[in-house]
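Structure file protein_38.cif (mmCIF, C-alpha atoms) is printed below.
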```cif
data_work
loop_
_atom_site.label_atom_id
_atom_site.label_comp_id
_atom_site.auth_asym_id
_atom_site.auth_seq_id
_atom_site.Cartn_x
_atom_site.Cartn_y
_atom_site.Cartn_z
CA MET B 1 -74.67 77.70 -74.09
CA SER B 2 -76.53 75.19 -76.07
CA ILE B 3 -75.64 73.65 -79.35
CA GLU B 4 -78.35 75.51 -81.10
CA THR B 5 -76.99 78.77 -79.85
CA LYS B 6 -73.48 77.93 -81.00
CA LEU B 7 -74.70 76.84 -84.38
CA PHE B 8 -76.72 79.98 -84.72
CA ASN B 9 -73.71 82.15 -83.78
CA SER B 10 -71.54 80.30 -86.34
CA VAL B 11 -74.06 80.82 -89.10
CA ALA B 12 -74.33 84.46 -88.15
CA ALA B 13 -70.54 84.85 -88.28
CA VAL B 14 -70.43 83.29 -91.74
CA ARG B 15 -73.15 85.64 -92.96
CA SER B 16 -71.40 88.64 -91.56
CA ALA B 17 -68.12 87.55 -93.16
CA ALA B 18 -69.93 86.98 -96.44
CA ALA B 19 -71.46 90.36 -96.12
CA GLU B 20 -68.02 91.88 -95.68
CA GLY B 21 -66.92 90.14 -98.86
CA ALA B 22 -64.54 87.57 -97.31
CA ASN B 23 -64.70 84.01 -98.46
CA PRO B 24 -65.52 81.68 -95.56
CA LEU B 25 -63.57 78.80 -97.10
CA ILE B 26 -60.24 80.62 -97.23
CA PRO B 27 -58.58 81.01 -93.81
CA HIS B 28 -57.02 84.22 -92.53
CA THR B 29 -53.31 84.79 -93.07
CA ALA B 30 -52.58 84.63 -89.35
CA GLU B 31 -54.18 81.22 -89.14
CA ILE B 32 -52.05 79.99 -92.05
CA VAL B 33 -48.85 81.25 -90.41
CA VAL B 34 -49.72 79.75 -87.00
CA GLY B 35 -50.70 76.46 -88.69
CA PHE B 36 -47.46 76.38 -90.68
CA ILE B 37 -45.35 77.07 -87.56
CA ALA B 38 -47.21 74.39 -85.57
CA PHE B 39 -46.83 71.89 -88.42
CA SER B 40 -43.10 72.70 -88.72
CA LEU B 41 -42.57 72.24 -84.98
CA LEU B 42 -44.49 68.97 -85.03
CA PHE B 43 -42.52 67.82 -88.10
CA LEU B 44 -39.18 68.67 -86.44
CA VAL B 45 -40.15 66.89 -83.19
CA LEU B 46 -41.32 63.82 -85.08
CA ARG B 47 -38.22 63.80 -87.27
CA SER B 48 -35.79 64.22 -84.40
CA LYS B 49 -37.50 61.99 -81.80
CA VAL B 50 -39.98 59.56 -83.34
CA VAL B 51 -38.40 58.76 -86.72
CA PRO B 52 -35.08 57.58 -85.19
CA MET B 53 -37.04 55.27 -82.89
CA PHE B 54 -38.93 53.86 -85.88
CA GLU B 55 -35.71 53.50 -87.84
CA LYS B 56 -34.08 51.78 -84.88
CA ALA B 57 -37.04 49.42 -84.61
CA PHE B 58 -36.94 48.76 -88.39
CA THR B 59 -33.19 48.10 -88.24
CA ALA B 60 -33.58 45.74 -85.28
CA ARG B 61 -36.43 43.97 -87.06
CA THR B 62 -34.37 43.68 -90.27
CA GLU B 63 -31.38 42.33 -88.36
CA ALA B 64 -33.60 39.87 -86.51
CA ILE B 65 -35.10 38.64 -89.78
CA GLU B 66 -31.70 38.39 -91.47
CA GLY B 67 -30.24 36.68 -88.39
CA GLY B 68 -33.17 34.30 -88.36
CA MET B 69 -32.62 33.57 -92.05
CA GLN B 70 -28.92 32.97 -91.44
CA ARG B 71 -29.71 30.70 -88.50
CA ALA B 72 -32.26 28.86 -90.63
CA GLU B 73 -29.72 28.45 -93.45
CA LYS B 74 -27.13 27.22 -90.96
CA ALA B 75 -29.66 24.82 -89.43
CA GLN B 76 -30.54 23.57 -92.89
CA ARG B 77 -26.85 23.01 -93.71
CA ASP B 78 -26.39 21.19 -90.39
CA ALA B 79 -29.47 19.09 -91.09
CA GLN B 80 -28.14 18.26 -94.56
CA ILE B 81 -24.78 17.21 -93.08
CA ALA B 82 -26.55 15.14 -90.41
CA LEU B 83 -28.70 13.50 -93.10
CA GLN B 84 -25.60 12.70 -95.13
CA LYS B 85 -23.88 11.20 -92.06
CA TYR B 86 -27.02 9.21 -91.23
CA THR B 87 -27.21 7.93 -94.81
CA GLU B 88 -23.54 6.91 -94.69
CA GLN B 89 -24.00 5.18 -91.32
CA LEU B 90 -27.08 3.40 -92.64
CA ALA B 91 -25.15 2.24 -95.71
CA ASP B 92 -22.29 1.07 -93.47
CA ALA B 93 -24.75 -0.76 -91.21
CA ARG B 94 -26.36 -2.44 -94.21
CA GLY B 95 -22.95 -3.48 -95.52
CA GLU B 96 -21.96 -4.79 -92.11
CA ALA B 97 -25.26 -6.69 -91.81
CA GLN B 98 -24.67 -8.22 -95.26
CA GLN B 99 -21.15 -9.22 -94.22
CA ILE B 100 -22.46 -10.76 -90.98
CA ARG B 101 -25.08 -12.71 -92.96
CA GLU B 102 -22.43 -13.97 -95.36
CA GLU B 103 -20.18 -14.98 -92.45
CA ALA B 104 -23.11 -16.76 -90.80
CA ARG B 105 -23.86 -18.61 -94.05
CA SER B 106 -20.25 -19.66 -94.47
CA GLN B 107 -20.03 -20.70 -90.81
CA GLY B 108 -23.30 -22.61 -91.19
CA ALA B 109 -21.97 -24.36 -94.29
CA ALA B 110 -18.72 -25.16 -92.44
CA ILE B 111 -20.66 -26.53 -89.46
CA ILE B 112 -22.83 -28.65 -91.75
CA GLU B 113 -19.74 -29.94 -93.57
CA ASP B 114 -18.04 -30.65 -90.24
CA LEU B 115 -21.10 -32.51 -88.97
CA ARG B 116 -21.34 -34.41 -92.25
CA ALA B 117 -17.65 -35.40 -91.97
CA LYS B 118 -18.13 -36.45 -88.34
CA ALA B 119 -21.20 -38.48 -89.31
CA GLN B 120 -19.27 -40.17 -92.09
CA GLU B 121 -16.40 -40.91 -89.71
CA GLU B 122 -18.86 -42.28 -87.15
CA ALA B 123 -20.58 -44.37 -89.83
CA ALA B 124 -17.18 -45.67 -90.99
CA ARG B 125 -16.23 -46.47 -87.38
CA ILE B 126 -19.54 -48.25 -86.77
CA THR B 127 -19.18 -50.15 -90.07
CA ALA B 128 -15.62 -51.14 -89.20
CA ALA B 129 -16.68 -52.23 -85.72
CA ALA B 130 -19.57 -54.20 -87.23
CA GLN B 131 -17.22 -55.83 -89.73
CA VAL B 132 -14.82 -56.75 -86.94
CA THR B 133 -17.72 -58.15 -84.92
CA ILE B 134 -19.03 -60.04 -87.94
CA GLU B 135 -15.57 -61.44 -88.68
CA ALA B 136 -15.15 -62.52 -85.04
CA GLU B 137 -18.56 -64.16 -85.04
CA ARG B 138 -17.74 -65.81 -88.39
CA GLN B 139 -14.49 -67.17 -87.00
CA GLN B 140 -16.32 -68.36 -83.90
CA ALA B 141 -18.98 -70.02 -86.07
CA ILE B 142 -16.30 -71.66 -88.22
CA THR B 143 -14.52 -72.94 -85.12
CA SER B 144 -17.77 -74.16 -83.65
CA LEU B 145 -18.72 -75.84 -86.92
CA ARG B 146 -15.31 -77.46 -87.18
CA ASN B 147 -15.66 -78.86 -83.70
CA GLU B 148 -19.17 -80.12 -84.38
CA VAL B 149 -18.25 -81.50 -87.80
CA GLY B 150 -15.18 -83.10 -86.28
CA ALA B 151 -17.23 -84.67 -83.50
CA LEU B 152 -19.80 -85.90 -85.98
CA ALA B 153 -17.12 -87.14 -88.38
CA THR B 154 -15.34 -88.98 -85.57
CA GLU B 155 -18.54 -90.59 -84.42
CA LEU B 156 -19.41 -91.54 -87.97
CA ALA B 157 -15.92 -92.85 -88.67
CA SER B 158 -15.92 -94.92 -85.49
CA LYS B 159 -19.20 -96.47 -86.48
CA ILE B 160 -17.89 -97.19 -89.98
CA VAL B 161 -14.48 -98.46 -88.89
CA GLY B 162 -15.88 -100.26 -85.98
CA GLU B 163 -13.24 -99.17 -83.51
CA SER B 164 -13.29 -96.37 -81.04
CA LEU B 165 -11.68 -93.11 -81.99
CA GLU B 166 -11.99 -91.57 -78.58
CA ASP B 167 -8.35 -90.63 -78.41
CA GLN B 168 -8.31 -86.84 -78.58
CA VAL B 169 -5.05 -86.52 -80.55
CA ARG B 170 -6.08 -89.02 -83.11
CA GLN B 171 -9.50 -87.44 -83.38
CA SER B 172 -7.98 -84.01 -84.00
CA ARG B 173 -5.73 -85.28 -86.78
CA ILE B 174 -8.58 -87.05 -88.53
CA VAL B 175 -10.84 -83.98 -88.32
CA ASP B 176 -8.14 -81.65 -89.58
CA ARG B 177 -7.32 -83.95 -92.47
CA PHE B 178 -11.02 -84.28 -93.34
CA ILE B 179 -11.56 -80.51 -93.35
CA ALA B 180 -8.40 -79.96 -95.38
CA GLU B 181 -9.69 -82.41 -98.00
CA LEU B 182 -13.04 -80.61 -98.09
CA GLU B 183 -11.39 -77.23 -98.57
CA ALA B 184 -9.14 -78.62 -101.29
CA LYS B 185 -12.20 -79.84 -103.22
CA LYS B 186 -13.70 -76.37 -103.31
#
```

Structure translated into structure tokens:
Amino acid sequence: MSIETKLFNSVAAVRSAAAEGANPLIPHTAEIVVGFIAFSLLFLVLRSKVVPMFEKAFTARTEAIEGGMQRAEKAQRDAQIALQKYTEQLADARGEAQQIREEARSQGAAIIEDLRAKAQEEAARITAAAQVTIEAERQQAITSLRNEVGALATELASKIVGESLEDQVRQSRIVDRFIAELEAKK
């Protein structure tokens, strides 16, 4: 049967129903009853089988979301605690670094002071040694000068007196007396 034939038969059925006085838009009572029974059965099956599955899925989804929110809140609290600990550790590390710098400065100042004291001690030792050396050289120069002056004075005196003063003991006495007179005049 073709579509045209079916369409023609449908139009003919509507005309015959209209001719009988029945409205084609209002269904028959039997169709309404069968439709209502089918709808009720479908509603009961959906309500007893499908709706609990949807509700179970909705409940699981709600629990998953709430659990996720709780886990996120817990993670945020843990992160906040970790941040606080990190901040405290950072502050402690900065304080410790400041303390180490201060200790290094004080140790540096102590080392500089120690080196300065050692340098002063070394300078004092060198100065003292130089003074001792100078004094020894001075005494040696004085002794050498005395001997030379004595020899010159003896030679001069022997030329003036006209007699030899070669006797060592006599020469020593004359030189000592001459030097003593010179020192007394100062």

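Between CA of Val51 (chain B) and CA of Gly67 (chain B) the separation is 23.6 Å.
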
### Task
Work out how far CA of Ile142 (chain B) is from CA of Arg177 (chain B), in Å to one decimal.
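Taking CA of Arg177 (chain B) as the start and CA of Ile142 (chain B) as the end point, the length is 15.8 Å.
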
### Query
Could you state the separation of CA of Glu155 (chain B) and CA of Glu137 (chain B) in Å, given to one decimal place?
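Interatomic distance, CA of Glu155 (chain B) to CA of Glu137 (chain B): 26.4 Å.
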
### Task
Kindly resolve the PyMOL selection byres ((chain B and resi 175) around 9) on the present coordinates and return the residues as a ChimeraX atom specification.
/B:146-147,149-151,153-154,170-174,176-180

Quick test: take region 45-83 of chain B, keep C-alpha atoms, and write it as a short mmCIF file (atom, residue, chain, number, x, y, z; two decimals), in the first residue's frame.
```
data_model
loop_
_atom_site.label_atom_id
_atom_site.label_comp_id
_atom_site.auth_asym_id
_atom_site.auth_seq_id
_atom_site.Cartn_x
_atom_site.Cartn_y
_atom_site.Cartn_z
CA VAL B 45 7.50 1.53 36.51
CA LEU B 46 9.40 4.80 36.25
CA ARG B 47 8.64 5.70 39.86
CA SER B 48 9.60 2.32 41.26
CA LYS B 49 12.64 1.58 39.06
CA VAL B 50 14.06 4.68 37.40
CA VAL B 51 13.41 7.41 39.99
CA PRO B 52 15.29 5.57 42.79
CA MET B 53 18.27 5.19 40.46
CA PHE B 54 18.17 8.91 39.69
CA GLU B 55 17.81 9.73 43.37
CA LYS B 56 20.70 7.42 44.19
CA ALA B 57 22.81 9.11 41.52
CA PHE B 58 21.79 12.57 42.81
CA THR B 59 22.63 11.55 46.39
CA ALA B 60 26.01 10.14 45.34
CA ARG B 61 26.71 13.29 43.34
CA THR B 62 25.70 15.51 46.29
CA GLU B 63 27.87 13.51 48.67
CA ALA B 64 30.78 13.66 46.24
CA ILE B 65 30.42 17.43 45.92
CA GLU B 66 30.09 17.92 49.68
CA GLY B 67 33.02 15.56 50.29
CA GLY B 68 35.04 17.45 47.73
CA MET B 69 34.15 20.72 49.42
CA GLN B 70 35.12 19.30 52.81
CA ARG B 71 38.39 17.99 51.39
CA ALA B 72 39.02 21.38 49.78
CA GLU B 73 38.31 23.16 53.07
CA LYS B 74 40.61 20.74 54.90
CA ALA B 75 43.31 21.23 52.27
CA GLN B 76 42.91 24.99 52.59
CA ARG B 77 43.25 24.77 56.39
CA ASP B 78 46.33 22.56 55.99
CA ALA B 79 47.78 25.00 53.48
CA GLN B 80 47.11 27.89 55.86
CA ILE B 81 48.85 26.02 58.70
CA ALA B 82 51.78 25.17 56.42
CA LEU B 83 52.01 28.82 55.33
#
```
